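A short write-up of the structure that comes next.
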Amino acid sequence: MRKFILSATLLPIFLLVLVQCHAPKEQKISDDNASALVPDTMIARRYFSGFADAHDTYNAISPASDGKIYYVLSSTRHDVGGQFYRYDPQSDKTEFIADLSDALGEKAEKFIAQGKSHVEFYEHDNKLYFATHIGYYQMIDGAENVPVVAPEGYKLYPGGHFLYYDMKTGEIHDLALAPEGIITMTMDAERGHLYGLTWPKGFLIDYDLNSGSLKNLGPVSRGGETGLGTENFRVICRSIFVDPRDGNMYYSTADGDIYYYHPEQDAPRLVEGVDLRIDYFGKYDPSDAGSMGYNWRKIYWYAPENKAYGVHGNSGYLFSFDPVAKKVEVLDRITSEPSKRSGMFDQFSYGYLGFQINQEGTIFYLTGAPIYKDGKRVAGLDKINMGAAKGLEHLHLVTYNIPKREYRDLGPIFFEDGTFPTYVNSIALGNNNDIYTLGRFEHDGKIIEDLVRIDLKN
């Protein structure tokens with residue numbers, strides 16, 4: 001892998017200023033990190049796709065068979081939907097595809113917008129399947145929630161959609177309307193099913209592509225992310241997977257239980273004899289909103305071993321899950337080297353979603369690293385009641401080769417001016433080992449979230 005040496009003119013030393021996590025300023029490397037981290041620094045390039053109000057996006061970026069990278073930039077406005085784009089590595093250009101509310105016919109009807117997509121794209125038969133979510137919230141009992149009072153002239157949010165983008169025709173097709181925004185999704189292409197978890201109540205939904213029917217299995221984890229401060233509150237799982245051998249879909253809960261569901265079942269069933277209540281992951285109150293609890297953060301099926309590989313977000317521990325043997329095996333802590341040395345959890349309260357496995361069995365993980373000032377680790381807030389950053393961190397790229405059981409921290413990622421991406425919770429692997437993500441950075445004096453490219457070519 002090519003290494004970059006940054007000169008003093010390219011990477012000036014600035015005093016670190018810690019900012020509020022919801023309104024960060026452009027950040028530069030601190031003096032204590034410069035000498036230790038510059039030799040292994042990777043340079044990233046940022047893109048402005050054209051949406052000046054772009055807000056934080058989770059998961060919603062994926063490569064497709066046409067060689068392009070597809071992504072959604074989130075909107076928090078009631079009258080503007082999530083903005084759907086693609087990036088062409090050959091031309092090095094971004095292209096606008098659609099406003100999601102407009103494409104679904106809801107903009108003209110003046111519904112509160114389909115402001116986000118928080119799921120990956122799943123390709124099947126030249127179609128990209130994904131889901132929509134709400135981006136405009138109302139504060140209820142001290143927490144963000146689906147509005148119960150619509151802005152003047154607008155209708156209440158109708159619920160999220162399963163939909164697909166046809167790469168041949170360029171058209172977007174609506175499939176089904178969920179009772180709430182869809183925050184978690186996976187696809188069983190072989191059997192023709194889309195599965196999702198909704199927000200905030202956490203309903204499990206099953207859409208049958210063959211029959212065109214949507215089944216609502218009800219809440220999977222108590223009250224979901226409602227009732228903040230009560231025993232009924234549970235953070236909803238953000239990653240689900242299908243075992244291709246039998247079609248069982250698996251999800252976790254904040255209590256540490258693992259459930260499975262099959263379309264022939266009337267309800268999900270508990271996987272007996274195994275759970276995620278593991279000492280290495282830490283100790284959690286499942287009703288606490290300040291973490292994902294015992295939930296896995298991100299997980300994928302790995303066919304060569306007939307196991308799923310996932311990461312527990314708060315602790316950063318990599319593990320495997322064998323559904324047949326009913327066994328969870330903790331493998332390694334895949335946080336950055338600086339995080340390992342500090343012994344502390346990363347600053348993003350739910351952990352990071354930028355976790356992906358390539359065809360060779362290598363995990364690519366975009367994760368945090370502590371910042372030091374005057375030799376001391378810059379600590380963030382002790383606790384927050386949402387999925388957000390408790391403090392500022394650097395961004396590192398970590399790899400883990402599954403067949404070799406080999407961990408590597410490839411180092412921190414900076415832009416050419418010495419600033420670095422923040423709020424990174426997505427990853428897409430390009431054809432040439434390029435890494436793509438969506439992160440916060442400053443554009444024209446304003447913090448937005450947009451496309452970031454990290455070049456890993458030899």
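Residues in the structure tokens are numbered from 1 in each chain, the chains being A, B, ... in the order shown, and ligands are numbered from 1 in the order shown.
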
*asked:* Can you pull out the residues contacting range 135-140 of chain A? Cut-off 10 Å, using only C-alpha atoms, and skip same-chain residues under 2 positions away; I want them as a VMD selection string.
replied: chain A and resid 55 to 56 74 to 82 112 to 117 132 to 133 142 to 150 157 181 226 to 228

Write out as a CSV table (one decimal) with N, CA and C atoms, in the first residue's frame the residues lying within 10 Å of His312 in chain A, counting only C-alpha atoms and excluding same-chain residues fewer than 6 positions away.
chain,number,residue,atom,x,y,z
A,276,LEU,N,-25.3,-12.4,23.6
A,276,LEU,CA,-24.2,-11.4,23.5
A,276,LEU,C,-23.9,-10.7,24.8
A,280,TYR,N,-16.4,-9.1,27.8
A,280,TYR,CA,-15.5,-8.3,27.0
A,280,TYR,C,-16.2,-7.1,26.4
A,281,PHE,N,-17.5,-7.3,26.1
A,281,PHE,CA,-18.3,-6.2,25.5
A,281,PHE,C,-18.6,-5.1,26.5
A,282,GLY,N,-18.5,-5.3,27.8
A,282,GLY,CA,-18.9,-4.4,28.8
A,282,GLY,C,-20.2,-4.7,29.5
A,292,MET,N,-25.7,1.2,22.5
A,292,MET,CA,-26.4,0.2,21.8
A,292,MET,C,-26.7,-1.0,22.7
A,293,GLY,N,-26.2,-0.9,24.0
A,293,GLY,CA,-26.4,-2.0,24.9
A,293,GLY,C,-25.5,-3.2,24.4
A,294,TYR,N,-26.1,-4.4,24.4
A,294,TYR,CA,-25.5,-5.6,24.0
A,294,TYR,C,-25.7,-5.9,22.5
A,295,ASN,N,-26.4,-5.0,21.8
A,295,ASN,CA,-26.6,-5.2,20.4
A,295,ASN,C,-25.3,-5.3,19.6
A,296,TRP,N,-25.2,-6.2,18.6
A,296,TRP,CA,-24.1,-6.0,17.7
A,296,TRP,C,-24.4,-4.7,16.9
A,297,ARG,N,-23.3,-4.1,16.4
A,297,ARG,CA,-23.4,-2.9,15.7
A,297,ARG,C,-23.6,-3.1,14.2
A,298,LYS,N,-22.7,-4.0,13.7
A,298,LYS,CA,-22.8,-4.3,12.2
A,298,LYS,C,-22.4,-5.8,12.1
A,299,ILE,N,-23.0,-6.5,11.2
A,299,ILE,CA,-22.8,-7.9,11.0
A,299,ILE,C,-23.1,-8.3,9.6
A,318,LEU,N,-14.5,-7.7,17.6
A,318,LEU,CA,-14.9,-8.5,16.5
A,318,LEU,C,-15.3,-9.9,17.0
A,319,PHE,N,-16.4,-10.4,16.5
A,319,PHE,CA,-16.8,-11.8,16.9
A,319,PHE,C,-17.4,-12.5,15.7
A,330,VAL,N,-15.4,-14.5,20.5
A,330,VAL,CA,-14.7,-13.2,20.4
A,330,VAL,C,-13.3,-13.4,19.8
A,333,ARG,N,-10.0,-7.2,19.3
A,333,ARG,CA,-10.5,-5.9,19.4
A,333,ARG,C,-10.0,-5.1,18.1
A,334,ILE,N,-10.9,-4.7,17.3
A,334,ILE,CA,-10.5,-4.1,16.0
A,334,ILE,C,-10.7,-2.6,16.0
A,350,TYR,N,-22.7,4.9,19.9
A,350,TYR,CA,-23.2,3.6,19.4
A,350,TYR,C,-22.2,2.7,18.8
A,351,GLY,N,-21.0,3.3,18.6
A,351,GLY,CA,-20.0,2.5,17.8
A,351,GLY,C,-20.1,2.9,16.3
A,352,TYR,N,-19.3,2.3,15.5
A,352,TYR,CA,-19.2,2.7,14.1
A,352,TYR,C,-19.8,1.7,13.2

Residues flagged helix (DSSP H, G or I) by DSSP in range 197-366 of chain A, as a ChimeraX atom specification: /A:279-281,303-305,337-342

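Minimum atom-to-atom distances from A:Ala131, A:Ala369, A:Leu175, A:Ile413 to Leu214 in chain A were compared using only C-alpha atoms, and the lowest value belongs to A:Leu175.
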
**OP:** Find the distance between CA of Ala428 in chain A and CA of Tyr259 in chain A and write it in Å to one decimal.
**Re:**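 Answer for the CA of Ala428 in chain A to CA of Tyr259 in chain A separation: 27.5 Å.
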
Quick one: everything within 7 Å of Asp88 in chain A, counting only C-alpha atoms, minus sequence neighbours fewer than 4 positions away in the same chain. Send it as a short mmCIF file (atom, residue, chain, number, x, y, z; two decimals) with N, CA and C atoms, in the first residue's frame.
data_model
loop_
_atom_site.label_atom_id
_atom_site.label_comp_id
_atom_site.auth_asym_id
_atom_site.auth_seq_id
_atom_site.Cartn_x
_atom_site.Cartn_y
_atom_site.Cartn_z
N LYS A 68 -20.22 2.03 -10.39
CA LYS A 68 -20.49 3.31 -9.75
C LYS A 68 -20.82 3.13 -8.27
N ILE A 69 -20.70 4.20 -7.53
CA ILE A 69 -21.01 4.23 -6.10
C ILE A 69 -22.30 5.01 -5.91
N ASP A 92 -14.78 10.66 -12.37
CA ASP A 92 -14.54 11.37 -11.12
C ASP A 92 -15.60 12.46 -10.90
N LYS A 93 -16.85 12.12 -11.18
CA LYS A 93 -17.93 13.09 -11.04
C LYS A 93 -19.11 12.46 -10.31
N THR A 94 -19.81 13.31 -9.56
CA THR A 94 -21.06 12.91 -8.93
C THR A 94 -22.23 13.32 -9.81
#

List every residue of range 234-399 of chain A that DSSP, applied to the backbone of this structure, assigns to strand (DSSP E), and report them as a PDB file with N, CA and C atoms, in the first residue's frame.
ATOM      1  N   PHE A 241     -29.024  -9.919   9.261  1.00  0.00           N
ATOM      2  CA  PHE A 241     -28.471 -10.720   8.170  1.00  0.00           C
ATOM      3  C   PHE A 241     -29.292 -11.975   7.960  1.00  0.00           C
ATOM      4  N   VAL A 242     -29.112 -12.580   6.787  1.00  0.00           N
ATOM      5  CA  VAL A 242     -29.798 -13.820   6.422  1.00  0.00           C
ATOM      6  C   VAL A 242     -28.778 -14.933   6.264  1.00  0.00           C
ATOM      7  N   ASP A 243     -29.065 -16.081   6.853  1.00  0.00           N
ATOM      8  CA  ASP A 243     -28.283 -17.289   6.595  1.00  0.00           C
ATOM      9  C   ASP A 243     -28.800 -17.865   5.277  1.00  0.00           C
ATOM     10  N   ASN A 248     -33.137 -18.160   7.222  1.00  0.00           N
ATOM     11  CA  ASN A 248     -33.409 -17.532   8.508  1.00  0.00           C
ATOM     12  C   ASN A 248     -32.746 -16.159   8.580  1.00  0.00           C
ATOM     13  N   MET A 249     -33.497 -15.179   9.052  1.00  0.00           N
ATOM     14  CA  MET A 249     -32.976 -13.832   9.256  1.00  0.00           C
ATOM     15  C   MET A 249     -32.716 -13.641  10.745  1.00  0.00           C
ATOM     16  N   TYR A 250     -31.574 -13.014  11.097  1.00  0.00           N
ATOM     17  CA  TYR A 250     -31.167 -12.860  12.489  1.00  0.00           C
ATOM     18  C   TYR A 250     -31.024 -11.387  12.868  1.00  0.00           C
ATOM     19  N   TYR A 251     -31.421 -11.077  14.099  1.00  0.00           N
ATOM     20  CA  TYR A 251     -31.204  -9.742  14.659  1.00  0.00           C
ATOM     21  C   TYR A 251     -30.877  -9.884  16.144  1.00  0.00           C
ATOM     22  N   SER A 252     -30.310  -8.825  16.712  1.00  0.00           N
ATOM     23  CA  SER A 252     -29.972  -8.820  18.138  1.00  0.00           C
ATOM     24  C   SER A 252     -30.847  -7.819  18.874  1.00  0.00           C
ATOM     25  N   ILE A 258     -30.368 -13.023  20.841  1.00  0.00           N
ATOM     26  CA  ILE A 258     -30.343 -13.162  19.391  1.00  0.00           C
ATOM     27  C   ILE A 258     -31.625 -13.875  18.966  1.00  0.00           C
ATOM     28  N   TYR A 259     -32.324 -13.316  17.991  1.00  0.00           N
ATOM     29  CA  TYR A 259     -33.562 -13.897  17.484  1.00  0.00           C
ATOM     30  C   TYR A 259     -33.410 -14.234  16.001  1.00  0.00           C
ATOM     31  N   TYR A 260     -34.241 -15.176  15.565  1.00  0.00           N
ATOM     32  CA  TYR A 260     -34.284 -15.472  14.140  1.00  0.00           C
ATOM     33  C   TYR A 260     -35.734 -15.496  13.669  1.00  0.00           C
ATOM     34  N   TYR A 261     -35.900 -15.251  12.384  1.00  0.00           N
ATOM     35  CA  TYR A 261     -37.239 -15.225  11.788  1.00  0.00           C
ATOM     36  C   TYR A 261     -37.163 -15.834  10.401  1.00  0.00           C
ATOM     37  N   ARG A 269     -38.238 -16.070  16.797  1.00  0.00           N
ATOM     38  CA  ARG A 269     -37.956 -17.021  17.867  1.00  0.00           C
ATOM     39  C   ARG A 269     -36.568 -16.763  18.447  1.00  0.00           C
ATOM     40  N   LEU A 270     -36.444 -16.952  19.741  1.00  0.00           N
ATOM     41  CA  LEU A 270     -35.179 -16.775  20.430  1.00  0.00           C
ATOM     42  C   LEU A 270     -34.209 -17.894  20.063  1.00  0.00           C
ATOM     43  N   LYS A 298     -22.688  -3.964  13.651  1.00  0.00           N
ATOM     44  CA  LYS A 298     -22.755  -4.320  12.228  1.00  0.00           C
ATOM     45  C   LYS A 298     -22.370  -5.780  12.092  1.00  0.00           C
ATOM     46  N   ILE A 299     -23.037  -6.488  11.177  1.00  0.00           N
ATOM     47  CA  ILE A 299     -22.778  -7.920  11.022  1.00  0.00           C
ATOM     48  C   ILE A 299     -23.063  -8.346   9.592  1.00  0.00           C
ATOM     49  N   TYR A 300     -22.263  -9.312   9.096  1.00  0.00           N
ATOM     50  CA  TYR A 300     -22.433  -9.852   7.737  1.00  0.00           C
ATOM     51  C   TYR A 300     -22.246 -11.361   7.752  1.00  0.00           C
ATOM     52  N   TRP A 301     -22.918 -12.004   6.812  1.00  0.00           N
ATOM     53  CA  TRP A 301     -22.705 -13.427   6.602  1.00  0.00           C
ATOM     54  C   TRP A 301     -21.400 -13.637   5.849  1.00  0.00           C
ATOM     55  N   TYR A 302     -20.589 -14.614   6.285  1.00  0.00           N
ATOM     56  CA  TYR A 302     -19.322 -14.948   5.625  1.00  0.00           C
ATOM     57  C   TYR A 302     -19.407 -16.400   5.166  1.00  0.00           C
ATOM     58  N   LYS A 307     -20.511 -18.706   8.774  1.00  0.00           N
ATOM     59  CA  LYS A 307     -20.667 -17.940  10.006  1.00  0.00           C
ATOM     60  C   LYS A 307     -20.955 -16.481   9.651  1.00  0.00           C
ATOM     61  N   ALA A 308     -21.483 -15.778  10.620  1.00  0.00           N
ATOM     62  CA  ALA A 308     -21.599 -14.326  10.505  1.00  0.00           C
ATOM     63  C   ALA A 308     -20.458 -13.689  11.293  1.00  0.00           C
ATOM     64  N   TYR A 309     -19.920 -12.588  10.756  1.00  0.00           N
ATOM     65  CA  TYR A 309     -18.889 -11.820  11.462  1.00  0.00           C
ATOM     66  C   TYR A 309     -19.443 -10.434  11.750  1.00  0.00           C
ATOM     67  N   GLY A 310     -19.296 -10.029  13.013  1.00  0.00           N
ATOM     68  CA  GLY A 310     -19.833  -8.742  13.409  1.00  0.00           C
ATOM     69  C   GLY A 310     -18.927  -8.027  14.386  1.00  0.00           C
ATOM     70  N   VAL A 311     -19.288  -6.776  14.655  1.00  0.00           N
ATOM     71  CA  VAL A 311     -18.540  -5.980  15.620  1.00  0.00           C
ATOM     72  C   VAL A 311     -19.517  -5.446  16.653  1.00  0.00           C
ATOM     73  N   HIS A 312     -19.113  -5.529  17.926  1.00  0.00           N
ATOM     74  CA  HIS A 312     -19.878  -4.877  18.986  1.00  0.00           C
ATOM     75  C   HIS A 312     -19.406  -3.428  19.041  1.00  0.00           C
ATOM     76  N   TYR A 317     -15.124  -4.955  19.747  1.00  0.00           N
ATOM     77  CA  TYR A 317     -14.671  -6.342  19.624  1.00  0.00           C
ATOM     78  C   TYR A 317     -15.314  -7.026  18.414  1.00  0.00           C
ATOM     79  N   LEU A 318     -14.463  -7.667  17.631  1.00  0.00           N
ATOM     80  CA  LEU A 318     -14.906  -8.491  16.517  1.00  0.00           C
ATOM     81  C   LEU A 318     -15.269  -9.876  17.036  1.00  0.00           C
ATOM     82  N   PHE A 319     -16.352 -10.443  16.504  1.00  0.00           N
ATOM     83  CA  PHE A 319     -16.772 -11.779  16.925  1.00  0.00           C
ATOM     84  C   PHE A 319     -17.372 -12.519  15.733  1.00  0.00           C
ATOM     85  N   SER A 320     -17.457 -13.825  15.856  1.00  0.00           N
ATOM     86  CA  SER A 320     -18.168 -14.639  14.879  1.00  0.00           C
ATOM     87  C   SER A 320     -19.364 -15.276  15.559  1.00  0.00           C
ATOM     88  N   PHE A 321     -20.400 -15.536  14.759  1.00  0.00           N
ATOM     89  CA  PHE A 321     -21.604 -16.180  15.263  1.00  0.00           C
ATOM     90  C   PHE A 321     -21.968 -17.327  14.339  1.00  0.00           C
ATOM     91  N   ASP A 322     -21.990 -18.530  14.893  1.00  0.00           N
ATOM     92  CA  ASP A 322     -22.363 -19.734  14.158  1.00  0.00           C
ATOM     93  C   ASP A 322     -23.794 -20.102  14.546  1.00  0.00           C
ATOM     94  N   LYS A 327     -23.005 -20.601  18.668  1.00  0.00           N
ATOM     95  CA  LYS A 327     -21.770 -20.224  19.337  1.00  0.00           C
ATOM     96  C   LYS A 327     -21.332 -18.829  18.906  1.00  0.00           C
ATOM     97  N   VAL A 328     -20.985 -17.993  19.866  1.00  0.00           N
ATOM     98  CA  VAL A 328     -20.358 -16.690  19.610  1.00  0.00           C
ATOM     99  C   VAL A 328     -18.913 -16.772  20.079  1.00  0.00           C
ATOM    100  N   GLU A 329     -17.984 -16.429  19.200  1.00  0.00           N
ATOM    101  CA  GLU A 329     -16.558 -16.468  19.535  1.00  0.00           C
ATOM    102  C   GLU A 329     -15.964 -15.070  19.379  1.00  0.00           C
ATOM    103  N   VAL A 330     -15.412 -14.530  20.454  1.00  0.00           N
ATOM    104  CA  VAL A 330     -14.743 -13.228  20.412  1.00  0.00           C
ATOM    105  C   VAL A 330     -13.342 -13.426  19.838  1.00  0.00           C
ATOM    106  N   LEU A 331     -12.994 -12.612  18.823  1.00  0.00           N
ATOM    107  CA  LEU A 331     -11.746 -12.829  18.082  1.00  0.00           C
ATOM    108  C   LEU A 331     -10.664 -11.800  18.378  1.00  0.00           C
ATOM    109  N   ASP A 332     -10.986 -10.535  18.313  1.00  0.00           N
ATOM    110  CA  ASP A 332      -9.970  -9.492  18.468  1.00  0.00           C
ATOM    111  C   ASP A 332     -10.676  -8.170  18.663  1.00  0.00           C
ATOM    112  N   ARG A 333      -9.990  -7.240  19.284  1.00  0.00           N
ATOM    113  CA  ARG A 333     -10.515  -5.878  19.357  1.00  0.00           C
ATOM    114  C   ARG A 333     -10.017  -5.127  18.122  1.00  0.00           C
ATOM    115  N   PHE A 355     -18.246  -0.849   8.403  1.00  0.00           N
ATOM    116  CA  PHE A 355     -17.713  -2.208   8.550  1.00  0.00           C
ATOM    117  C   PHE A 355     -18.180  -3.006   7.347  1.00  0.00           C
ATOM    118  N   GLN A 356     -17.240  -3.606   6.613  1.00  0.00           N
ATOM    119  CA  GLN A 356     -17.573  -4.346   5.396  1.00  0.00           C
ATOM    120  C   GLN A 356     -16.556  -5.459   5.184  1.00  0.00           C
ATOM    121  N   ILE A 357     -16.983  -6.562   4.558  1.00  0.00           N
ATOM    122  CA  ILE A 357     -16.106  -7.689   4.250  1.00  0.00           C
ATOM    123  C   ILE A 357     -15.989  -7.813   2.736  1.00  0.00           C
ATOM    124  N   THR A 362     -11.381 -10.063   3.820  1.00  0.00           N
ATOM    125  CA  THR A 362     -10.780  -9.000   4.628  1.00  0.00           C
ATOM    126  C   THR A 362     -11.853  -8.018   5.052  1.00  0.00           C
ATOM    127  N   ILE A 363     -11.902  -7.767   6.344  1.00  0.00           N
ATOM    128  CA  ILE A 363     -12.816  -6.771   6.897  1.00  0.00           C
ATOM    129  C   ILE A 363     -12.163  -5.403   6.793  1.00  0.00           C
ATOM    130  N   PHE A 364     -12.906  -4.413   6.307  1.00  0.00           N
ATOM    131  CA  PHE A 364     -12.477  -3.018   6.298  1.00  0.00           C
ATOM    132  C   PHE A 364     -13.371  -2.271   7.283  1.00  0.00           C
ATOM    133  N   TYR A 365     -12.733  -1.547   8.195  1.00  0.00           N
ATOM    134  CA  TYR A 365     -13.463  -0.929   9.299  1.00  0.00           C
ATOM    135  C   TYR A 365     -12.963   0.493   9.504  1.00  0.00           C
ATOM    136  N   LEU A 366     -13.865   1.456   9.351  1.00  0.00           N
ATOM    137  CA  LEU A 366     -13.558   2.859   9.620  1.00  0.00           C
ATOM    138  C   LEU A 366     -13.970   3.156  11.059  1.00  0.00           C
ATOM    139  N   THR A 367     -12.995   3.480  11.876  1.00  0.00           N
ATOM    140  CA  THR A 367     -13.253   3.614  13.309  1.00  0.00           C
ATOM    141  C   THR A 367     -12.523   4.835  13.866  1.00  0.00           C
ATOM    142  N   GLY A 368     -12.696   5.089  15.131  1.00  0.00           N
ATOM    143  CA  GLY A 368     -12.141   6.298  15.727  1.00  0.00           C
ATOM    144  C   GLY A 368     -10.791   6.081  16.381  1.00  0.00           C
ATOM    145  N   ALA A 369     -10.145   7.188  16.720  1.00  0.00           N
ATOM    146  CA  ALA A 369      -8.883   7.165  17.460  1.00  0.00           C
ATOM    147  C   ALA A 369      -8.835   8.399  18.351  1.00  0.00           C
ATOM    148  N   TYR A 372      -4.963  13.597  21.426  1.00  0.00           N
ATOM    149  CA  TYR A 372      -4.205  13.965  22.620  1.00  0.00           C
ATOM    150  C   TYR A 372      -3.761  15.426  22.531  1.00  0.00           C
ATOM    151  N   LYS A 373      -3.793  16.092  23.663  1.00  0.00           N
ATOM    152  CA  LYS A 373      -3.340  17.476  23.775  1.00  0.00           C
ATOM    153  C   LYS A 373      -2.508  17.594  25.048  1.00  0.00           C
ATOM    154  N   LYS A 376      -2.183  14.438  27.013  1.00  0.00           N
ATOM    155  CA  LYS A 376      -3.350  13.854  27.654  1.00  0.00           C
ATOM    156  C   LYS A 376      -4.453  13.633  26.634  1.00  0.00           C
ATOM    157  N   ARG A 377      -5.157  12.525  26.817  1.00  0.00           N
ATOM    158  CA  ARG A 377      -6.273  12.206  25.937  1.00  0.00           C
ATOM    159  C   ARG A 377      -7.397  13.203  26.135  1.00  0.00           C
ATOM    160  N   HIS A 394     -10.115  11.250  15.774  1.00  0.00           N
ATOM    161  CA  HIS A 394      -9.574  11.053  14.437  1.00  0.00           C
ATOM    162  C   HIS A 394     -10.229   9.838  13.795  1.00  0.00           C
ATOM    163  N   LEU A 395     -10.065   9.717  12.490  1.00  0.00           N
ATOM    164  CA  LEU A 395     -10.611   8.589  11.736  1.00  0.00           C
ATOM    165  C   LEU A 395      -9.481   7.675  11.291  1.00  0.00           C
ATOM    166  N   HIS A 396      -9.583   6.375  11.587  1.00  0.00           N
ATOM    167  CA  HIS A 396      -8.592   5.379  11.181  1.00  0.00           C
ATOM    168  C   HIS A 396      -9.252   4.313  10.319  1.00  0.00           C
ATOM    169  N   LEU A 397      -8.451   3.693   9.457  1.00  0.00           N
ATOM    170  CA  LEU A 397      -8.891   2.536   8.694  1.00  0.00           C
ATOM    171  C   LEU A 397      -8.190   1.302   9.237  1.00  0.00           C
ATOM    172  N   VAL A 398      -8.984   0.352   9.701  1.00  0.00           N
ATOM    173  CA  VAL A 398      -8.474  -0.911  10.239  1.00  0.00           C
ATOM    174  C   VAL A 398      -8.909  -2.040   9.311  1.00  0.00           C
ATOM    175  N   THR A 399      -8.024  -3.018   9.089  1.00  0.00           N
ATOM    176  CA  THR A 399      -8.393  -4.218   8.350  1.00  0.00           C
ATOM    177  C   THR A 399      -8.174  -5.445   9.221  1.00  0.00           C
TER     178      THR A 399
END

Just want the 9 Å neighbourhood of Ile172 in chain A, counted on only C-alpha atoms, with same-chain residues fewer than 5 positions away dropped. Output as a ChimeraX atom specification.
/A:98,100,103-104,163-166

Output of the above residues as an mmCIF file, in the first residue's frame, restricted to N, CA and C atoms:
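Dumped to selection38.cif:
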data_model
loop_
_atom_site.group_PDB
_atom_site.id
_atom_site.type_symbol
_atom_site.label_atom_id
_atom_site.label_comp_id
_atom_site.auth_asym_id
_atom_site.auth_seq_id
_atom_site.Cartn_x
_atom_site.Cartn_y
_atom_site.Cartn_z
ATOM 1 N N ALA A 98 -32.221 11.701 -7.740
ATOM 2 C CA ALA A 98 -33.591 12.056 -7.372
ATOM 3 C C ALA A 98 -33.673 12.552 -5.943
ATOM 4 N N LEU A 100 -35.887 11.798 -2.897
ATOM 5 C CA LEU A 100 -36.652 10.590 -2.613
ATOM 6 C C LEU A 100 -38.142 10.873 -2.416
ATOM 7 N N ALA A 103 -39.550 11.438 -5.905
ATOM 8 C CA ALA A 103 -39.611 10.199 -6.680
ATOM 9 C C ALA A 103 -40.758 9.304 -6.230
ATOM 10 N N LEU A 104 -41.124 9.395 -4.955
ATOM 11 C CA LEU A 104 -42.211 8.569 -4.431
ATOM 12 C C LEU A 104 -43.577 9.245 -4.524
ATOM 13 N N LEU A 163 -38.239 0.293 -1.659
ATOM 14 C CA LEU A 163 -38.256 0.760 -3.041
ATOM 15 C C LEU A 163 -37.029 0.227 -3.761
ATOM 16 N N TYR A 164 -37.010 0.403 -5.080
ATOM 17 C CA TYR A 164 -35.797 0.046 -5.810
ATOM 18 C C TYR A 164 -35.535 1.026 -6.938
ATOM 19 N N TYR A 165 -34.267 1.121 -7.293
ATOM 20 C CA TYR A 165 -33.815 1.932 -8.429
ATOM 21 C C TYR A 165 -33.407 0.991 -9.550
ATOM 22 N N ASP A 166 -34.012 1.158 -10.719
ATOM 23 C CA ASP A 166 -33.714 0.319 -11.878
ATOM 24 C C ASP A 166 -32.521 0.922 -12.617
#

**OP:** Rank A:Gly192, A:Pro200, A:Pro338, A:Pro263 by their smallest atom-to-atom distance to Asn216 in chain A, using only C-alpha atoms, and report the top residue only.
**Re:**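 Going through A:Gly192, A:Pro200, A:Pro338, A:Pro263 one by one, the smallest distance to Asn216 in chain A is for A:Pro263.
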
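If you measure from each of A:Glu272, A:Thr184, A:Ala254, A:Phe111 to Glu152 in chain A using only C-alpha atoms, the closest one turns out to be A:Phe111.
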
Nearest to Asp102 in chain A by atom-to-atom distance, counting only C-alpha atoms, from A:Pro219, A:Leu456, A:Asp174, A:Lys155: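 Looking only at the distances to Asp102 in chain A, the closest residue turns out to be A:Asp174.
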
Checklist entry - Leaving out Glu180 in chain A and any residue of its chain fewer than 5 positions from it, which residues lie within 9 Å of it when counting only C-alpha atoms, given as number ranges by chain? => result A: 133-134, 146, 157-161, 198-203
